[in-house]
file upload_39.csv (CSV, C-alpha atoms)
chain,number,residue,atom,x,y,z
A,1,MET,CA,140.9,70.8,175.7
A,2,HIS,CA,141.6,73.9,173.9
A,3,GLY,CA,142.6,72.0,170.7
A,4,LYS,CA,139.4,69.9,170.6
A,5,GLY,CA,137.2,73.0,170.3
A,6,ILE,CA,138.8,74.0,167.1
A,7,VAL,CA,138.5,70.5,165.6
A,8,TRP,CA,134.7,70.5,165.7
A,9,GLN,CA,134.3,74.2,164.9
A,10,VAL,CA,136.0,74.0,161.4
A,11,PRO,CA,133.6,71.3,160.1
A,12,ALA,CA,130.6,73.3,161.5
A,13,ILE,CA,131.7,76.5,159.7
A,14,ILE,CA,132.2,74.6,156.4
A,15,LEU,CA,128.8,73.0,156.8
A,16,ALA,CA,127.1,76.3,157.6
A,17,ALA,CA,128.8,77.9,154.6
A,18,MET,CA,127.6,75.1,152.3
A,19,LEU,CA,124.0,75.3,153.6
A,20,LEU,CA,124.1,79.1,153.1
A,21,LEU,CA,125.3,78.7,149.5
A,22,LEU,CA,122.7,76.0,148.7
A,23,GLY,CA,120.0,78.3,149.9
A,24,VAL,CA,121.1,81.1,147.5
A,25,HIS,CA,120.1,80.5,143.9
A,26,ILE,CA,122.8,81.5,141.4
A,27,SER,CA,121.2,81.9,138.0
A,28,PRO,CA,122.0,83.8,134.8
A,29,ALA,CA,120.4,87.2,134.3
A,30,HIS,CA,117.2,87.4,132.3
A,31,ALA,CA,115.7,90.4,130.7
A,32,LYS,CA,112.6,90.9,128.7
A,33,PHE,CA,111.8,93.8,126.4
A,34,ASN,CA,108.5,94.6,124.8
A,35,ASP,CA,108.1,97.4,122.2
A,36,THR,CA,106.2,97.8,119.0
A,37,ALA,CA,106.8,100.2,116.2
A,38,SER,CA,106.0,100.4,112.5
A,39,GLY,CA,108.4,101.2,109.7
A,40,ALA,CA,108.0,104.3,107.7
A,41,MET,CA,109.5,102.9,104.5
A,42,ALA,CA,106.9,101.8,101.9
A,43,VAL,CA,108.2,99.4,99.3
A,44,SER,CA,106.6,98.5,96.0
A,45,ALA,CA,107.6,97.1,92.7
A,46,ALA,CA,107.3,99.1,89.5
A,47,THR,CA,106.3,97.4,86.2
A,48,ILE,CA,107.5,98.6,82.9
A,49,PRO,CA,104.6,98.6,80.4
A,50,ALA,CA,104.8,97.8,76.8
A,51,PRO,CA,104.9,100.9,74.5
A,52,ALA,CA,101.4,101.9,73.4
A,53,ALA,CA,100.9,101.0,69.7
A,54,ASN,CA,99.5,104.4,68.9
A,55,THR,CA,102.7,106.1,70.2
A,56,VAL,CA,105.1,104.1,67.9
A,57,THR,CA,105.6,104.6,64.2
A,58,VAL,CA,107.1,101.6,62.4
A,59,THR,CA,107.6,101.2,58.6
A,60,LYS,CA,108.2,97.7,57.3
A,61,SER,CA,108.5,96.2,53.8
A,62,CYS,CA,109.5,93.1,51.9
A,63,ASP,CA,111.1,94.5,48.7
A,64,SER,CA,111.7,91.9,46.0
A,65,PHE,CA,112.9,91.9,42.4
A,66,LEU,CA,112.8,88.6,40.6
A,67,TRP,CA,114.5,86.0,42.9
A,68,PHE,CA,116.0,88.5,45.3
A,69,GLY,CA,114.6,90.6,48.1
A,70,GLN,CA,115.2,92.4,51.3
A,71,ALA,CA,113.2,92.7,54.6
A,72,LYS,CA,113.2,96.2,56.2
A,73,ILE,CA,111.9,97.3,59.6
A,74,SER,CA,112.4,100.8,60.9
A,75,VAL,CA,111.1,102.7,63.9
A,76,SER,CA,110.8,106.4,63.1
A,77,SER,CA,109.3,107.5,66.4
A,78,PHE,CA,108.3,106.0,69.8
A,79,THR,CA,107.3,107.3,73.2
A,80,VAL,CA,109.4,106.6,76.2
A,81,VAL,CA,107.6,104.2,78.6
A,82,ALA,CA,107.3,104.7,82.4
A,83,HIS,CA,110.2,103.5,84.6
A,84,ALA,CA,112.4,102.7,81.5
A,85,ASN,CA,115.8,104.2,80.9
A,86,TYR,CA,116.7,102.2,77.8
A,87,HIS,CA,114.6,101.2,74.8
A,88,GLU,CA,115.3,98.5,72.3
A,89,LEU,CA,114.2,97.2,68.9
A,90,LYS,CA,114.6,93.5,68.3
A,91,VAL,CA,114.0,91.8,64.9
A,92,ILE,CA,113.4,88.0,64.7
A,93,ASP,CA,113.5,86.1,61.4
A,94,PRO,CA,110.9,83.5,60.3
A,95,ASP,CA,113.1,80.7,61.8
A,96,GLY,CA,113.1,82.3,65.3
A,97,VAL,CA,116.6,83.6,65.1
A,98,VAL,CA,117.3,87.1,66.5
A,99,ARG,CA,118.7,89.0,63.6
A,100,PHE,CA,119.0,92.5,65.1
A,101,THR,CA,119.0,94.2,68.5
A,102,GLY,CA,119.2,98.0,68.4
A,103,ASP,CA,119.3,100.8,70.9
A,104,LEU,CA,116.4,103.1,70.0
A,105,SER,CA,118.3,106.1,71.4
A,106,LYS,CA,120.8,105.8,68.5
A,107,ALA,CA,120.1,106.3,64.8
A,108,SER,CA,121.8,103.0,64.0
A,109,GLY,CA,119.5,101.2,66.4
A,110,LYS,CA,116.3,102.2,64.8
A,111,SER,CA,116.5,100.3,61.5
A,112,TYR,CA,117.1,96.8,60.3
A,113,GLY,CA,117.6,95.6,56.7
A,114,SER,CA,118.2,92.0,56.0
A,115,GLY,CA,120.5,92.7,53.0
A,116,VAL,CA,119.7,91.4,49.6
A,117,GLN,CA,118.9,87.7,49.8
A,118,SER,CA,117.1,85.0,47.9
A,119,THR,CA,113.4,85.5,48.3
A,120,SER,CA,113.1,82.0,49.6
A,121,ASN,CA,115.3,83.0,52.6
A,122,LEU,CA,113.0,85.9,53.4
A,123,SER,CA,109.7,84.1,53.1
A,124,GLY,CA,107.7,83.8,56.3
A,125,THR,CA,106.7,86.0,59.2
A,126,TRP,CA,109.3,88.3,60.7
A,127,THR,CA,108.6,89.6,64.2
A,128,TYR,CA,109.7,92.8,65.8
A,129,GLN,CA,109.6,93.8,69.4
A,130,ILE,CA,109.9,97.3,70.9
A,131,ARG,CA,110.6,97.1,74.7
A,132,GLY,CA,111.6,99.4,77.5
A,133,TYR,CA,114.2,98.3,80.1
A,134,TYR,CA,115.4,99.7,83.4
A,135,LYS,CA,119.2,99.2,83.4
A,136,VAL,CA,120.6,99.4,86.9
A,137,PRO,CA,123.3,102.1,87.0
A,138,ASN,CA,126.9,100.7,87.5
A,139,SER,CA,125.6,97.2,87.0
A,140,THR,CA,124.9,94.6,84.4
A,141,ASN,CA,121.4,94.0,85.8
A,142,ALA,CA,118.3,95.1,83.9
A,143,TRP,CA,114.6,94.7,84.2
A,144,ALA,CA,112.8,94.1,81.0
A,145,GLY,CA,109.4,95.6,80.3
A,146,ALA,CA,106.6,94.0,78.3
A,147,PRO,CA,107.2,94.2,74.5
A,148,LEU,CA,105.1,95.8,71.8
A,149,THR,CA,105.1,93.1,69.1
A,150,GLY,CA,104.4,93.4,65.4
A,151,THR,CA,104.9,91.3,62.3
A,152,LEU,CA,106.1,91.6,58.8
A,153,ASN,CA,104.9,88.9,56.4
A,154,CYS,CA,107.2,88.2,53.4
A,155,PRO,CA,105.8,86.1,50.6

call {"tool": "encode", "arguments": {"input": "upload_39.csv", "output": "structure tokens"}}
result
Amino acid sequence: MHGKGIVWQVPAIILAAMLLLLGVHISPAHAKFNDTASGAMAVSAATIPAPAANTVTVTKSCDSFLWFGQAKISVSSFTVVAHANYHELKVIDPDGVVRFTGDLSKASGKSYGSGVQSTSNLSGTWTYQIRGYYKVPNSTNAWAGAPLTGTLNCP
């Protein structure tokens, strides 16, 4: 009779262990955190304005002699615009082709002369733009400002 007691005790122990385990909920841990804070960094975008017309001195002419002539546009002075670290002169011919792009910090970038041409090639409205840029250091990226635009009419 001693052996029969063990036979029924083993299934009873397994059944008790299973019921105990079923009663215990095993679930993943959950945590909830609540906090609020505001950042101290203010962010804004700068705009690069066009140079004021009264701060720029431009001379322009259409010189002609008989059937030949030359268009000339020169910037003798300008005021640096806010947020710009580079300033440029761009000259566009009557056909809309950019004929010159100059760095206004250099003497060679302040003047454009078309060279002597047939007056028929010079005829029309030439456009010049003076603009500030912010060139990002150690990069090819640049932000362009609004241009100050003027014209030269050649007969």

call {"tool": "residues_around", "arguments": {"input": "upload_39.csv", "residues": "Leu89 in chain A", "least_positions_apart": "3", "cutoff": "12 Å", "atoms": "all atoms listed in the file", "output": "ChimeraX atom specification"}}
result
/A:51,56,58,73-78,86,92,98-112,127-133,147-150

call {"tool": "residues_around", "arguments": {"input": "upload_39.csv", "residues": "Leu66 in chain A", "least_positions_apart": "3", "cutoff": "10 Å", "atoms": "all atoms listed in the file", "output": "ChimeraX atom specification"}}
result
/A:69,118-119

call {"tool": "closest_residue", "arguments": {"input": "upload_39.csv", "among": "A:Ala53, A:Ala40, A:Leu122, A:Leu152", "to": "Asp95 in chain A", "atoms": "only C-alpha atoms"}}
result
A:Leu122

call {"tool": "closest_residue", "arguments": {"input": "upload_39.csv", "among": "A:Lys72, A:Trp67, A:Glu88, A:Cys62", "to": "Gly124 in chain A", "atoms": "only C-alpha atoms"}}
result
A:Cys62

call {"tool": "atom_distance", "arguments": {"input": "upload_39.csv", "atom1": "CA of Pro155 in chain A", "atom2": "CA of Thr57 in chain A"}}
result
23.0 Å

call {"tool": "atom_distance", "arguments": {"input": "upload_39.csv", "atom1": "CA of Lys60 in chain A", "atom2": "CA of Thr151 in chain A"}}
result
8.8 Å

call {"tool": "closest_residue", "arguments": {"input": "upload_39.csv", "among": "A:Gln9, A:Thr125, A:Asn85, A:Thr55", "to": "Ala144 in chain A", "atoms": "all atoms listed in the file"}}
result
A:Asn85

call {"tool": "closest_residue", "arguments": {"input": "upload_39.csv", "among": "A:Val91, A:Ile48, A:Val97, A:Ile13", "to": "Ala71 in chain A", "atoms": "all atoms listed in the file"}}
result
A:Val91
